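Have a look at input_3.txt; it's compact mmCIF, C-alpha atoms:
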# COMPACT_ATOMS: atom_id res chain seq x y z
CA MET R 16 25.78 -204.81 82.34
CA THR R 17 28.86 -206.78 81.36
CA HIS R 18 31.08 -203.78 81.88
CA LEU R 19 30.65 -204.05 85.65
CA ALA R 20 32.09 -207.59 85.66
CA ASP R 21 35.49 -206.19 84.63
CA LEU R 22 35.85 -204.33 87.90
CA PRO R 23 38.21 -205.67 90.59
CA ALA R 24 36.64 -206.79 93.84
CA TRP R 25 37.82 -203.88 95.96
CA ALA R 26 36.30 -201.35 93.54
CA GLN R 27 33.00 -203.25 93.51
CA LEU R 28 32.80 -203.37 97.30
CA LEU R 29 33.75 -199.71 97.69
CA ALA R 30 31.33 -198.56 95.00
CA SER R 31 28.50 -200.69 96.42
CA PHE R 32 29.08 -199.21 99.85
CA PHE R 33 29.01 -195.63 98.56
CA ILE R 34 25.94 -196.23 96.38
CA LEU R 35 24.02 -197.71 99.29
CA VAL R 36 25.10 -194.92 101.65
CA GLY R 37 23.95 -192.30 99.16
CA ALA R 38 20.59 -193.93 98.52
CA VAL R 39 19.87 -194.57 102.20
CA VAL R 40 20.75 -191.01 103.22
CA THR R 41 18.51 -189.63 100.46
CA LEU R 42 15.69 -191.87 101.64
CA ILE R 43 16.14 -190.69 105.23
CA GLY R 44 15.83 -187.12 103.99
CA ALA R 45 12.67 -187.94 102.05
CA VAL R 46 11.05 -189.66 105.04
CA GLY R 47 11.93 -186.63 107.13
CA LEU R 48 10.27 -184.41 104.54
CA LEU R 49 7.12 -186.48 104.99
CA THR R 50 7.09 -186.76 108.77
CA LEU R 51 8.43 -183.47 110.15
CA ARG R 52 5.78 -181.11 111.45
CA SER R 53 6.48 -177.52 110.47
CA PHE R 54 7.89 -175.91 107.35
CA TYR R 55 10.95 -174.65 109.19
CA ASP R 56 11.80 -178.23 110.21
CA ARG R 57 11.21 -179.55 106.72
CA ILE R 58 13.45 -176.99 105.05
CA HIS R 59 16.50 -178.76 106.49
CA VAL R 60 15.97 -182.17 104.96
CA PRO R 61 16.85 -181.60 101.24
CA THR R 62 20.42 -181.02 102.41
CA LEU R 63 20.72 -184.74 103.18
CA GLY R 64 20.19 -185.58 99.54
CA SER R 65 22.49 -182.83 98.34
CA THR R 66 25.47 -183.60 100.61
CA TRP R 67 26.00 -187.29 101.33
CA GLY R 68 23.24 -188.51 99.04
CA ALA R 69 24.80 -186.93 95.98
CA GLY R 70 28.31 -187.32 97.39
CA GLY R 71 28.06 -191.06 97.90
CA ILE R 72 26.60 -191.87 94.50
CA LEU R 73 29.01 -189.52 92.73
CA LEU R 74 31.98 -191.05 94.59
CA ALA R 75 30.85 -194.52 93.53
CA SER R 76 30.51 -193.31 89.95
CA ILE R 77 33.99 -191.75 90.03
CA ILE R 78 35.46 -195.02 91.38
CA ILE R 79 33.70 -197.23 88.83
CA PHE R 80 34.45 -195.18 85.72
CA SER R 81 38.02 -194.36 86.79
CA VAL R 82 38.82 -198.05 87.29
CA LEU R 83 37.03 -199.12 84.12
CA GLN R 84 38.70 -196.57 81.86
CA SER R 85 41.99 -196.68 83.86
CA ARG R 86 42.21 -192.90 83.97
CA PRO R 87 40.76 -190.40 86.43
CA VAL R 88 37.20 -189.52 85.40
CA LEU R 89 36.33 -186.34 87.19
CA HIS R 90 33.34 -184.81 85.49
CA GLU R 91 31.16 -186.00 88.37
CA VAL R 92 33.01 -183.45 90.50
CA LEU R 93 31.26 -180.75 88.48
CA ILE R 94 27.84 -182.03 89.55
CA ALA R 95 29.01 -182.41 93.16
CA ILE R 96 30.36 -178.86 93.36
CA PHE R 97 27.29 -177.44 91.69
CA VAL R 98 24.81 -179.24 93.94
CA THR R 99 26.63 -178.49 97.18
CA VAL R 100 27.14 -174.82 96.26
CA THR R 101 23.61 -174.10 95.10
CA MET R 102 21.61 -175.91 97.79
CA PRO R 103 22.36 -173.45 100.66
CA VAL R 104 21.53 -170.51 98.37
CA VAL R 105 18.19 -172.05 97.43
CA LEU R 106 17.24 -172.94 100.99
CA MET R 107 18.20 -169.53 102.33
CA LEU R 108 16.08 -167.79 99.68
CA LEU R 109 13.17 -170.14 100.42
CA GLY R 110 13.46 -169.62 104.17
CA ARG R 111 13.44 -165.86 103.79
CA ALA R 112 10.47 -166.00 101.44
CA ALA R 113 8.53 -168.24 103.83
CA LEU R 114 9.37 -166.00 106.79
CA TYR R 115 8.23 -162.96 104.85
CA ARG R 116 4.96 -164.65 103.90
CA ASP R 117 4.32 -165.83 107.45
CA ARG R 118 4.99 -162.35 108.87
CA THR R 119 2.73 -160.59 106.43
CA GLU R 120 -0.06 -163.03 107.24
CA GLY R 121 0.52 -162.57 110.98
CA VAL R 122 1.28 -166.19 111.83
CA GLU R 123 1.91 -166.50 115.57
CA THR R 124 4.65 -169.11 115.47
CA VAL R 125 7.30 -167.03 113.72
CA PRO R 126 9.14 -164.28 115.63
CA PRO R 127 7.85 -160.80 114.76
CA MET R 128 9.97 -158.19 113.05
CA GLU R 129 10.72 -156.33 116.32
CA ALA R 130 12.37 -159.35 117.89
CA VAL R 131 14.97 -159.46 115.14
CA SER R 132 15.63 -155.74 115.03
CA GLY R 133 18.58 -155.81 117.36
CA LEU R 134 20.27 -154.52 114.26
CA PRO R 135 21.31 -150.85 114.31
CA GLU R 136 18.42 -148.66 113.31
CA ASN R 137 20.41 -146.58 110.85
CA ALA R 138 20.59 -149.68 108.65
CA ALA R 139 16.85 -149.36 108.09
CA ASN R 140 17.21 -145.64 107.50
CA GLU R 141 19.94 -146.17 104.94
CA ALA R 142 17.73 -148.64 103.18
CA ASP R 143 15.14 -145.88 102.89
CA GLY R 144 17.57 -143.86 100.86
CA GLN R 145 18.83 -141.24 103.29
CA MET Y 20 34.53 -212.13 89.58
CA SER Y 21 31.00 -211.42 88.58
CA ALA Y 22 29.50 -208.13 89.58
CA THR Y 23 26.71 -209.56 91.70
CA ILE Y 24 27.23 -207.34 94.73
CA LEU Y 25 27.45 -204.16 92.68
CA ILE Y 26 24.42 -205.03 90.54
CA TRP Y 27 22.36 -205.80 93.62
CA SER Y 28 23.39 -202.61 95.38
CA VAL Y 29 22.55 -200.54 92.30
CA THR Y 30 19.14 -202.23 92.15
CA ILE Y 31 18.53 -201.57 95.84
CA ALA Y 32 19.58 -197.96 95.31
CA HIS Y 33 17.04 -197.68 92.49
CA VAL Y 34 14.29 -198.88 94.81
CA LEU Y 35 15.34 -196.64 97.68
CA LEU Y 36 15.55 -193.56 95.48
CA ALA Y 37 12.16 -194.35 93.96
CA VAL Y 38 10.65 -194.63 97.44
CA ALA Y 39 12.29 -191.31 98.32
CA MET Y 40 10.74 -189.72 95.23
CA VAL Y 41 7.34 -191.11 96.23
CA CYS Y 42 7.69 -189.53 99.69
CA GLN Y 43 8.62 -186.19 98.15
CA ALA Y 44 5.74 -186.42 95.68
CA ILE Y 45 3.31 -187.06 98.55
CA ARG Y 46 4.63 -183.97 100.32
CA PHE Y 47 4.34 -182.05 97.06
CA ILE Y 48 0.68 -183.03 96.69
CA ARG Y 49 -0.21 -182.59 100.34
CA GLY Y 50 1.24 -179.12 100.73
CA PRO Y 51 -0.11 -177.51 102.86
CA ARG Y 52 1.38 -174.21 101.65
CA ALA Y 53 3.27 -173.09 98.59
CA GLN Y 54 6.68 -173.06 100.26
CA ASP Y 55 6.25 -176.69 101.35
CA ARG Y 56 5.62 -177.62 97.76
CA VAL Y 57 8.71 -175.75 96.61
CA VAL Y 58 10.90 -177.53 99.18
CA ALA Y 59 9.41 -180.86 98.10
CA PHE Y 60 10.15 -180.00 94.48
CA ASP Y 61 13.72 -179.10 95.41
CA ALA Y 62 14.29 -182.45 97.10
CA PHE Y 63 12.48 -184.20 94.23
CA TYR Y 64 14.81 -183.00 91.51
CA ILE Y 65 17.86 -183.91 93.59
CA SER Y 66 16.50 -187.46 93.97
CA SER Y 67 15.69 -187.76 90.28
CA MET Y 68 19.22 -186.60 89.47
CA LEU Y 69 20.64 -189.30 91.74
CA LEU Y 70 18.37 -191.89 90.12
CA LEU Y 71 19.72 -190.90 86.71
CA LEU Y 72 23.28 -191.25 88.03
CA THR Y 73 22.57 -194.79 89.22
CA PHE Y 74 21.11 -195.55 85.78
CA GLY Y 75 24.37 -194.27 84.32
CA ILE Y 76 26.39 -196.57 86.59
CA ARG Y 77 24.20 -199.50 85.57
CA THR Y 78 24.41 -198.97 81.83
CA GLY Y 79 27.97 -197.62 81.67
CA THR Y 80 27.16 -194.73 79.34
CA THR Y 81 28.09 -191.14 80.07
CA LEU Y 82 24.88 -189.84 78.51
CA TYR Y 83 23.13 -189.87 81.87
CA PHE Y 84 25.69 -187.56 83.45
CA GLU Y 85 24.92 -184.75 81.06
CA ALA Y 86 21.24 -185.25 81.82
CA ALA Y 87 21.97 -185.11 85.56
CA LEU Y 88 24.03 -181.95 85.13
CA VAL Y 89 21.24 -180.28 83.17
CA ILE Y 90 18.68 -181.33 85.79
CA SER Y 91 20.76 -179.85 88.61
CA LEU Y 92 21.30 -176.59 86.69
CA ILE Y 93 17.68 -176.08 85.69
CA GLY Y 94 16.42 -177.22 89.07
CA PHE Y 95 18.53 -174.57 90.78
CA VAL Y 96 17.31 -171.82 88.47
CA SER Y 97 13.67 -172.85 88.77
CA THR Y 98 13.78 -173.11 92.56
CA VAL Y 99 15.36 -169.67 92.82
CA ALA Y 100 12.66 -168.30 90.52
CA LEU Y 101 9.94 -169.94 92.62
CA ALA Y 102 11.43 -168.57 95.86
CA LYS Y 103 11.59 -165.09 94.33
CA PHE Y 104 8.00 -165.45 93.22
CA LEU Y 105 6.94 -166.41 96.74
CA MET Y 106 8.78 -163.40 98.12
CA ARG Y 107 7.72 -160.68 95.70
CA GLY Y 108 4.83 -162.02 93.68
CA GLU Y 109 6.79 -161.66 90.44
CA VAL Y 110 9.92 -163.28 89.08
CA ILE Y 111 11.48 -160.53 86.98
CA GLU Y 112 11.24 -157.03 88.38
Translate this file's structure into structure tokens.
Amino acid sequence: MTHLADLPAWAQLLASFFILVGAVVTLIGAVGLLTLRSFYDRIHVPTLGSTWGAGGILLASIIIFSVLQSRPVLHEVLIAIFVTVTMPVVLMLLGRAALYRDRTEGVETVPPMEAVSGLPENAANEADGQ
Amino acid sequence: MSATILIWSVTIAHVLLAVAMVCQAIRFIRGPRAQDRVVAFDAFYISSMLLLLTFGIRTGTTLYFEAALVISLIGFVSTVALAKFLMRGEVIE
């Protein structure tokens, strides 16, 4: 851990702040995952870890390694882009799958198919192959 | 200047992320349905990736970043596969 002692004070303070922000935001998301009531509430909370949770820790890592090696170290940006791009895709797929499962089982709390079908009806016909 | 503040904040971040992973593991065990477990798994691999990144900051090696990148890649693919399985009942059609 001697490499961290070479950092200047401003980089240490900035990196500590970002690390703590990232960890605390991730913990808030995890507590929300434990305490929220329904699935459709809980599907929102992984985004906390994937936006500011990952963002804070990756920013701190960029600051520390850029100052230590005195050149911009940017391969953390790859992880940040990947996590922030893929998380909405995953949650949208999961939400649609859960809605489909709830509708086929006839759960009362989700809106039925008719309530959403303000869509033009020829869209359904085109999907049938006409 | 010694790195006391940074070392302490990395240690606190380790503890907080471990507590977060415990919360997500409890949700993973408790369920109640399959989609809850998949969401818990999704949050769990993000937290484990962040824990590996803080390990990388602590030790100063770049080995942990490749591990974190691989975890994020495979976690995305596996969660998409699980969501597709929940939707259709099969992964590859």
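If you measure from each of R:Val125, R:Ser81, R:His59, R:Gly68 to Leu109 of chain R using all atoms listed in the file, the closest one turns out to be R:His59.
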Counting all atoms listed in the file, which residues from chain Y have an atom at most 6 Å from any atom of chain R, and could you show them as a PDB file with C-alpha atoms, in the frame of the given file?
ATOM      1  CA  SER Y  21      31.000-211.420  88.580  1.00  0.00           C
ATOM      2  CA  ALA Y  22      29.500-208.130  89.580  1.00  0.00           C
ATOM      3  CA  LEU Y  25      27.450-204.160  92.680  1.00  0.00           C
ATOM      4  CA  SER Y  28      23.390-202.610  95.380  1.00  0.00           C
ATOM      5  CA  ALA Y  32      19.580-197.960  95.310  1.00  0.00           C
ATOM      6  CA  LEU Y  35      15.340-196.640  97.680  1.00  0.00           C
ATOM      7  CA  LEU Y  36      15.550-193.560  95.480  1.00  0.00           C
ATOM      8  CA  ALA Y  39      12.290-191.310  98.320  1.00  0.00           C
ATOM      9  CA  CYS Y  42       7.690-189.530  99.690  1.00  0.00           C
ATOM     10  CA  GLN Y  43       8.620-186.190  98.150  1.00  0.00           C
ATOM     11  CA  ARG Y  46       4.630-183.970 100.320  1.00  0.00           C
ATOM     12  CA  ALA Y  62      14.290-182.450  97.100  1.00  0.00           C
ATOM     13  CA  LEU Y  88      24.030-181.950  85.130  1.00  0.00           C
ATOM     14  CA  VAL Y  99      15.360-169.670  92.820  1.00  0.00           C
ATOM     15  CA  ALA Y 102      11.430-168.570  95.860  1.00  0.00           C
ATOM     16  CA  LEU Y 105       6.940-166.410  96.740  1.00  0.00           C
ATOM     17  CA  MET Y 106       8.780-163.400  98.120  1.00  0.00           C
TER      18      MET Y 106
END
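Atom CA of Ile76 of chain Y lies 20.1 Å from atom CA of Phe63 of chain Y.
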(message) As an exercise, work out the distance from atom CA of Tyr83 of chain Y to atom CA of Met40 of chain Y in Å and give it to one decimal place.
(response) 18.2 Å
(request) Could you check how far atom CA of Pro126 of chain R sits from atom CA of Leu101 of chain Y, in Å to one decimal? (result) 23.7 Å
